[in-house]
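So this block is upload_2.cif, mmCIF, C-alpha atoms:
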```cif
data_start
#
loop_
_atom_site.label_atom_id
_atom_site.label_comp_id
_atom_site.auth_asym_id
_atom_site.auth_seq_id
_atom_site.Cartn_x
_atom_site.Cartn_y
_atom_site.Cartn_z
CA MET A 21 -23.29 4.02 27.49
CA THR A 22 -22.35 0.82 29.24
CA GLU A 23 -19.71 -1.19 27.48
CA PRO A 24 -21.20 -4.53 26.42
CA ALA A 25 -19.70 -7.52 28.22
CA TRP A 26 -18.56 -9.17 25.01
CA LEU A 27 -16.33 -6.21 24.18
CA SER A 28 -14.20 -6.65 27.27
CA GLN A 29 -14.10 -10.43 26.86
CA VAL A 30 -12.25 -10.23 23.55
CA LYS A 31 -8.49 -9.85 23.90
CA TRP A 32 -7.78 -7.47 21.06
CA SER A 33 -4.17 -7.40 19.93
CA ASP A 34 -2.03 -4.27 20.20
CA ASP A 35 -3.39 -3.12 16.85
CA GLY A 36 -6.96 -3.68 18.05
CA LEU A 37 -7.66 -6.74 15.92
CA VAL A 38 -8.42 -10.43 16.30
CA PRO A 39 -8.59 -13.10 13.59
CA ALA A 40 -12.10 -14.23 12.67
CA ILE A 41 -12.69 -17.58 11.00
CA ALA A 42 -15.81 -17.90 8.84
CA GLN A 43 -17.31 -21.37 8.58
CA ASP A 44 -20.26 -22.32 6.37
CA ALA A 45 -22.99 -23.28 8.84
CA LYS A 46 -24.52 -25.80 6.46
CA SER A 47 -21.55 -27.53 4.83
CA GLY A 48 -19.05 -27.04 7.65
CA ARG A 49 -16.48 -25.83 5.13
CA VAL A 50 -13.98 -23.32 6.51
CA LEU A 51 -14.41 -20.41 4.11
CA MET A 52 -11.83 -17.80 5.06
CA LEU A 53 -9.96 -15.99 7.78
CA ALA A 54 -10.24 -12.23 8.08
CA TRP A 55 -9.77 -9.67 10.85
CA MET A 56 -12.13 -7.81 13.11
CA ASN A 57 -11.82 -4.84 15.39
CA ALA A 58 -14.39 -3.94 18.04
CA GLU A 59 -16.33 -1.74 15.65
CA SER A 60 -16.56 -4.40 12.94
CA LEU A 61 -17.71 -7.01 15.47
CA ALA A 62 -20.35 -4.64 16.81
CA LEU A 63 -21.53 -3.88 13.27
CA SER A 64 -21.60 -7.58 12.40
CA LEU A 65 -23.89 -8.20 15.34
CA ALA A 66 -26.05 -5.16 14.64
CA GLU A 67 -26.42 -5.89 10.93
CA GLY A 68 -26.51 -9.71 11.09
CA ARG A 69 -23.76 -10.02 8.49
CA ALA A 70 -19.98 -10.35 8.61
CA VAL A 71 -18.20 -7.01 8.69
CA TYR A 72 -14.42 -7.27 8.81
CA TRP A 73 -11.55 -4.85 9.15
CA SER A 74 -9.57 -4.89 5.93
CA ARG A 75 -5.92 -4.56 6.86
CA SER A 76 -4.90 -3.99 3.24
CA ARG A 77 -7.41 -1.18 2.72
CA GLY A 78 -7.36 0.15 6.27
CA ARG A 79 -11.13 0.37 6.47
CA LEU A 80 -14.26 -1.56 7.39
CA TRP A 81 -15.16 -4.22 4.87
CA ARG A 82 -18.74 -5.41 4.65
CA LYS A 83 -18.16 -8.83 3.16
CA GLY A 84 -20.08 -8.98 -0.11
CA GLU A 85 -20.27 -5.22 -0.56
CA GLU A 86 -18.93 -5.52 -4.11
CA SER A 87 -19.47 -9.18 -4.94
CA GLY A 88 -22.88 -9.61 -3.37
CA HIS A 89 -21.44 -12.62 -1.55
CA VAL A 90 -22.67 -11.52 1.82
CA GLN A 91 -22.11 -13.71 4.88
CA ARG A 92 -25.27 -13.84 6.99
CA LEU A 93 -24.29 -14.30 10.60
CA GLN A 94 -25.77 -17.26 12.43
CA GLU A 95 -23.44 -17.52 15.43
CA VAL A 96 -20.26 -16.02 16.84
CA ARG A 97 -17.98 -17.92 19.19
CA LEU A 98 -14.92 -16.83 21.16
CA ASP A 99 -12.05 -19.22 21.83
CA CYS A 100 -10.64 -20.27 25.21
CA ASP A 101 -8.05 -17.53 25.42
CA GLY A 102 -10.33 -14.89 23.98
CA ASP A 103 -8.24 -13.86 21.00
CA THR A 104 -9.95 -15.58 18.06
CA LEU A 105 -13.53 -15.52 16.78
CA LEU A 106 -15.39 -18.25 14.90
CA LEU A 107 -18.36 -17.19 12.79
CA GLN A 108 -21.03 -19.58 11.57
CA VAL A 109 -22.37 -18.02 8.40
CA GLU A 110 -24.77 -18.55 5.59
CA GLN A 111 -22.62 -17.83 2.56
CA VAL A 112 -24.77 -16.08 -0.03
CA GLY A 113 -24.04 -17.39 -3.53
CA GLY A 114 -22.00 -20.25 -2.10
CA ILE A 115 -18.82 -18.31 -2.88
CA ALA A 116 -16.58 -16.78 -0.23
CA CYS A 117 -13.36 -16.28 -2.18
CA HIS A 118 -12.58 -13.36 -4.47
CA THR A 119 -11.30 -15.93 -6.99
CA GLY A 120 -14.86 -17.24 -7.37
CA ARG A 121 -14.30 -20.39 -5.34
CA GLU A 122 -16.38 -21.60 -2.43
CA SER A 123 -13.54 -21.29 0.07
CA CYS A 124 -10.32 -19.29 0.16
CA PHE A 125 -8.61 -22.53 1.24
CA PHE A 126 -8.60 -24.07 -2.23
CA SER A 127 -4.93 -25.08 -2.36
CA PRO A 128 -3.93 -28.30 -0.63
CA LEU A 129 -0.29 -29.25 -0.30
CA ARG A 130 0.49 -31.79 -3.01
CA GLY A 131 4.02 -33.07 -2.70
CA ALA A 132 6.28 -30.05 -2.33
CA ALA A 133 3.82 -27.33 -3.38
CA PHE A 134 0.39 -25.94 -2.58
CA VAL A 135 -1.73 -26.45 -5.71
CA ALA A 136 -5.14 -24.94 -6.54
CA ALA A 137 -7.53 -27.89 -6.51
CA ASP A 138 -11.06 -26.54 -6.09
CA PRO A 139 -13.22 -25.43 -9.03
CA VAL A 140 -13.90 -21.79 -9.85
CA LEU A 141 -17.68 -21.53 -9.55
CA LYS A 142 -17.89 -18.07 -11.09
CA ALA A 143 -15.22 -16.09 -12.91
CA ALA A 144 -13.93 -13.08 -11.00
CA GLN A 145 -14.75 -10.87 -13.99
CA GLU A 146 -18.34 -12.05 -13.81
CA ILE A 147 -18.49 -11.34 -10.10
CA TYR A 148 -16.91 -7.91 -10.14
CA GLY A 149 -17.68 -6.73 -13.67
CA LYS A 150 -15.35 -5.59 -16.38
CA ALA A 151 -14.21 -2.55 -14.45
CA GLY A 152 -12.14 -5.04 -12.49
CA SER A 153 -12.44 -3.83 -8.95
CA ALA A 154 -11.28 -7.22 -7.76
CA LYS A 155 -7.95 -7.16 -6.00
CA PRO A 156 -6.39 -10.52 -6.79
CA GLY A 157 -4.13 -11.65 -4.03
CA SER A 158 -5.40 -9.14 -1.54
CA GLY A 159 -8.10 -11.43 -0.24
CA VAL A 160 -10.36 -8.42 -0.29
CA GLU A 161 -13.15 -8.31 -2.80
CA MET B 4 19.53 -27.90 -0.07
CA THR B 5 16.83 -26.65 -2.38
CA GLU B 6 14.12 -24.67 -0.66
CA PRO B 7 10.83 -26.53 -1.00
CA ALA B 8 8.24 -24.71 -3.12
CA TRP B 9 5.69 -24.58 -0.31
CA LEU B 10 8.07 -22.54 1.84
CA SER B 11 8.17 -19.64 -0.59
CA GLN B 12 4.41 -19.85 -1.24
CA VAL B 13 3.55 -19.00 2.35
CA LYS B 14 3.52 -15.28 3.10
CA TRP B 15 5.00 -15.28 6.58
CA SER B 16 4.33 -12.14 8.58
CA ASP B 17 7.14 -9.87 9.75
CA ASP B 18 7.54 -12.06 12.82
CA GLY B 19 7.76 -15.16 10.64
CA LEU B 20 4.36 -16.58 11.57
CA VAL B 21 1.01 -17.37 9.99
CA PRO B 22 -2.23 -18.42 11.69
CA ALA B 23 -3.11 -22.11 11.33
CA ILE B 24 -6.69 -23.30 11.79
CA ALA B 25 -7.16 -26.90 12.89
CA GLN B 26 -10.37 -28.58 11.76
CA ASP B 27 -11.49 -32.06 12.78
CA ALA B 28 -11.44 -34.02 9.52
CA LYS B 29 -14.27 -36.28 10.64
CA SER B 30 -16.73 -33.97 12.41
CA GLY B 31 -15.83 -30.77 10.58
CA ARG B 32 -15.65 -28.95 13.90
CA VAL B 33 -13.18 -26.06 13.99
CA LEU B 34 -10.96 -27.01 16.91
CA MET B 35 -8.52 -24.14 17.43
CA LEU B 36 -6.33 -21.50 15.90
CA ALA B 37 -2.61 -21.52 16.61
CA TRP B 38 0.49 -20.16 14.90
CA MET B 39 3.15 -21.70 12.72
CA ASN B 40 6.55 -20.62 11.52
CA ALA B 41 8.40 -22.31 8.65
CA GLU B 42 10.13 -24.74 10.99
CA SER B 43 6.91 -25.84 12.69
CA LEU B 44 5.20 -26.37 9.33
CA ALA B 45 8.15 -28.41 8.06
CA LEU B 46 8.10 -30.48 11.26
CA SER B 47 4.35 -30.98 11.00
CA LEU B 48 4.79 -32.38 7.51
CA ALA B 49 7.79 -34.49 8.46
CA GLU B 50 6.17 -35.93 11.60
CA GLY B 51 2.58 -36.14 10.36
CA ARG B 52 1.27 -34.25 13.38
CA ALA B 53 0.52 -30.61 14.14
CA VAL B 54 3.52 -28.73 15.47
CA TYR B 55 2.84 -25.08 16.26
CA TRP B 56 4.90 -22.12 17.37
CA SER B 57 3.80 -21.12 20.84
CA ARG B 58 3.92 -17.35 21.02
CA SER B 59 3.42 -17.37 24.79
CA ARG B 60 6.27 -19.79 25.39
CA GLY B 61 8.45 -18.68 22.50
CA ARG B 62 9.17 -22.24 21.41
CA LEU B 63 7.94 -25.07 19.21
CA TRP B 64 4.84 -26.76 20.56
CA ARG B 65 4.09 -30.31 19.51
CA LYS B 66 0.34 -30.32 20.08
CA GLY B 67 -0.39 -33.09 22.57
CA GLU B 68 3.13 -33.22 24.01
CA GLU B 69 1.75 -32.95 27.55
CA SER B 70 -1.90 -33.89 27.14
CA GLY B 71 -1.50 -36.74 24.67
CA HIS B 72 -4.09 -34.97 22.54
CA VAL B 73 -2.01 -35.16 19.40
CA GLN B 74 -3.40 -33.86 16.10
CA ARG B 75 -2.59 -36.29 13.31
CA LEU B 76 -2.22 -34.36 10.09
CA GLN B 77 -4.41 -35.41 7.19
CA GLU B 78 -4.16 -32.37 4.93
CA VAL B 79 -2.75 -28.85 4.87
CA ARG B 80 -4.25 -26.08 2.74
CA LEU B 81 -3.09 -22.54 2.02
CA ASP B 82 -5.54 -19.71 1.46
CA CYS B 83 -5.85 -17.45 -1.58
CA ASP B 84 -3.49 -14.79 -0.34
CA GLY B 85 -1.04 -17.25 1.15
CA ASP B 86 -1.09 -16.04 4.73
CA THR B 87 -3.29 -18.59 6.52
CA LEU B 88 -3.12 -22.37 6.80
CA LEU B 89 -5.99 -24.82 7.29
CA LEU B 90 -5.16 -28.21 8.77
CA GLN B 91 -7.43 -31.21 8.55
CA VAL B 92 -6.59 -33.32 11.57
CA GLU B 93 -7.53 -36.44 13.41
CA GLN B 94 -7.89 -35.20 16.98
CA VAL B 95 -6.61 -37.91 19.30
CA GLY B 96 -8.85 -38.23 22.35
CA GLY B 97 -11.48 -36.00 20.75
CA ILE B 98 -10.20 -33.08 22.84
CA ALA B 99 -8.32 -30.13 21.38
CA CYS B 100 -8.74 -27.58 24.17
CA HIS B 101 -6.62 -27.33 27.32
CA THR B 102 -9.90 -26.93 29.24
CA GLY B 103 -10.83 -30.51 28.32
CA ARG B 104 -13.38 -29.55 25.69
CA GLU B 105 -13.55 -30.79 22.12
CA SER B 106 -12.95 -27.35 20.63
CA CYS B 107 -11.40 -24.15 21.92
CA PHE B 108 -14.43 -22.35 20.47
CA PHE B 109 -16.81 -23.38 23.24
CA SER B 110 -18.26 -19.95 24.02
CA PRO B 111 -21.03 -18.65 21.77
CA LEU B 112 -22.29 -15.12 22.14
CA ARG B 113 -25.51 -15.25 24.13
CA GLY B 114 -27.10 -11.84 24.38
CA ALA B 115 -24.40 -9.44 25.50
CA ALA B 116 -21.76 -11.97 26.59
CA PHE B 117 -19.80 -14.95 25.37
CA VAL B 118 -20.82 -17.89 27.56
CA ALA B 119 -19.18 -21.32 27.88
CA ALA B 120 -21.71 -23.75 26.41
CA ASP B 121 -19.86 -26.96 25.49
CA PRO B 122 -19.29 -29.79 27.96
CA VAL B 123 -15.94 -30.50 29.58
CA LEU B 124 -15.14 -34.02 28.40
CA LYS B 125 -12.20 -34.50 30.73
CA ALA B 126 -11.09 -32.36 33.66
CA ALA B 127 -7.87 -30.44 33.06
CA GLN B 128 -6.43 -31.97 36.25
CA GLU B 129 -7.06 -35.42 34.83
CA ILE B 130 -5.40 -34.48 31.56
CA TYR B 131 -2.33 -32.82 32.99
CA GLY B 132 -2.02 -34.47 36.38
CA LYS B 133 -1.88 -32.93 39.83
CA ALA B 134 1.42 -31.19 39.13
CA GLY B 135 -0.70 -28.78 37.16
CA SER B 136 1.38 -28.05 34.13
CA ALA B 137 -1.73 -26.75 32.40
CA LYS B 138 -1.61 -23.07 31.63
CA PRO B 139 -5.23 -21.95 31.83
CA GLY B 140 -5.90 -19.05 29.54
CA SER B 141 -2.69 -19.43 27.61
CA GLY B 142 -4.23 -21.78 25.08
CA VAL B 143 -1.06 -23.82 25.39
CA GLU B 144 -1.21 -27.15 27.05
#
```

As structure tokens, the full file:
Amino acid sequence: MTEPAWLSQVKWSDDGLVPAIAQDAKSGRVLMLAWMNAESLALSLAEGRAVYWSRSRGRLWRKGEESGHVQRLQEVRLDCDGDTLLLQVEQVGGIACHTGRESCFFSPLRGAAFVAADPVLKAAQEIYGKAGSAKPGSGVE
Amino acid sequence: MTEPAWLSQVKWSDDGLVPAIAQDAKSGRVLMLAWMNAESLALSLAEGRAVYWSRSRGRLWRKGEESGHVQRLQEVRLDCDGDTLLLQVEQVGGIACHTGRESCFFSPLRGAAFVAADPVLKAAQEIYGKAGSAKPGSGVE
């Protein structure tokens, strides 16, 4: 099979990954940064949804697989030096973060500390159920 | 001297860096991704402008130091797992990319390839002069 052109355009790091920024296509809000390898990018394109490589779990991570907060892919862009991706997504449920907030970037620097400032739209327990499969702090739902 | 709280909140990688996303505060456009270490973040806050760590040059990089395309810092946010920064900036000159484009993410995936689609607002030669200190492909001006 011929290697698709996009695959050779991306400058994967030594560990085969590049950072991928997800931006809400409607609001313009930057939602999160995660990582992709070639397989996860190919799957994202094939399935029309964001599929990342979870470094903490060491496996593919279909965003929303547990939370339902799928990211429908509208566009993928590569940066000038080919080592970062920007995804325009439709964020299902309006929640990207495992804490139940719209964006993972909910903590602006206020004085000498980063302080959580954005509202929790849905409690993590409500998102993931009482079994508690959420992994607080891991950034992986 | 007491270590500022923000310093210990950021989960620097083994090489002392975290990715920093710059977003245009006015247009909402994601401009670029670069890297910061603790010193560059402290300098960014102290100087009110984005100062990155250039991995290719192995030194601090005051964004705009050659091009004049300074990024005035309006806000810094940390993500939920503490390992990525989001900067809201005023992009002086309306150009973040060393290619003379507004954003480094100028190449959407079209079919099987990423294709440059955004206009060059100013030729690199005009930005950097005939001496040609631009480093095409390095992402560093």

- Query: Given the file above and the PyMOL selection byres ((chain B) within 6 of (chain A)), which residues are selected, and can you give them as a ChimeraX atom specification?
  - Reply: /B:7-9,31,79-84,107-108,110-112,115-117,140,142

- Can you list, as an MDAnalysis selection string, the residues that the PyMOL selection byres ((chain B and resi 18) around 12) selects here? chainID B and resid 14:17 19:22 38:41 56 58 61

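Across the structure, atom CA of Gly84 of chain A and atom CA of Ala25 of chain B are spaced 25.6 Å apart.
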
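What separates atom CA of Val54 of chain B from atom CA of His72 of chain B is a distance of 12.1 Å.
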
- Neighbour list for Gln91 of chain A as a ChimeraX atom specification, cut-off 8 Å, only C-alpha atoms, skip fewer than 3 positions in-chain: /A:69-70,83-84,109-112

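Atom CA of Ile98 of chain B to atom CA of Ser47 of chain B spans 18.9 Å [interatomic distance, one decimal].
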
Selected by the PyMOL selection byres ((chain A and resi 141) around 8) in the shown coordinates: which residues, as a compact mmCIF listing (two decimals) with C-alpha atoms, keeping the file's coordinate frame?
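What landed in part_13.txt:
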```
# COMPACT_ATOMS: atom_id res chain seq x y z
CA ILE A 115 -18.82 -18.31 -2.88
CA GLY A 120 -14.86 -17.24 -7.37
CA ARG A 121 -14.30 -20.39 -5.34
CA GLU A 122 -16.38 -21.60 -2.43
CA PRO A 139 -13.22 -25.43 -9.03
CA VAL A 140 -13.90 -21.79 -9.85
CA LYS A 142 -17.89 -18.07 -11.09
CA ALA A 143 -15.22 -16.09 -12.91
```
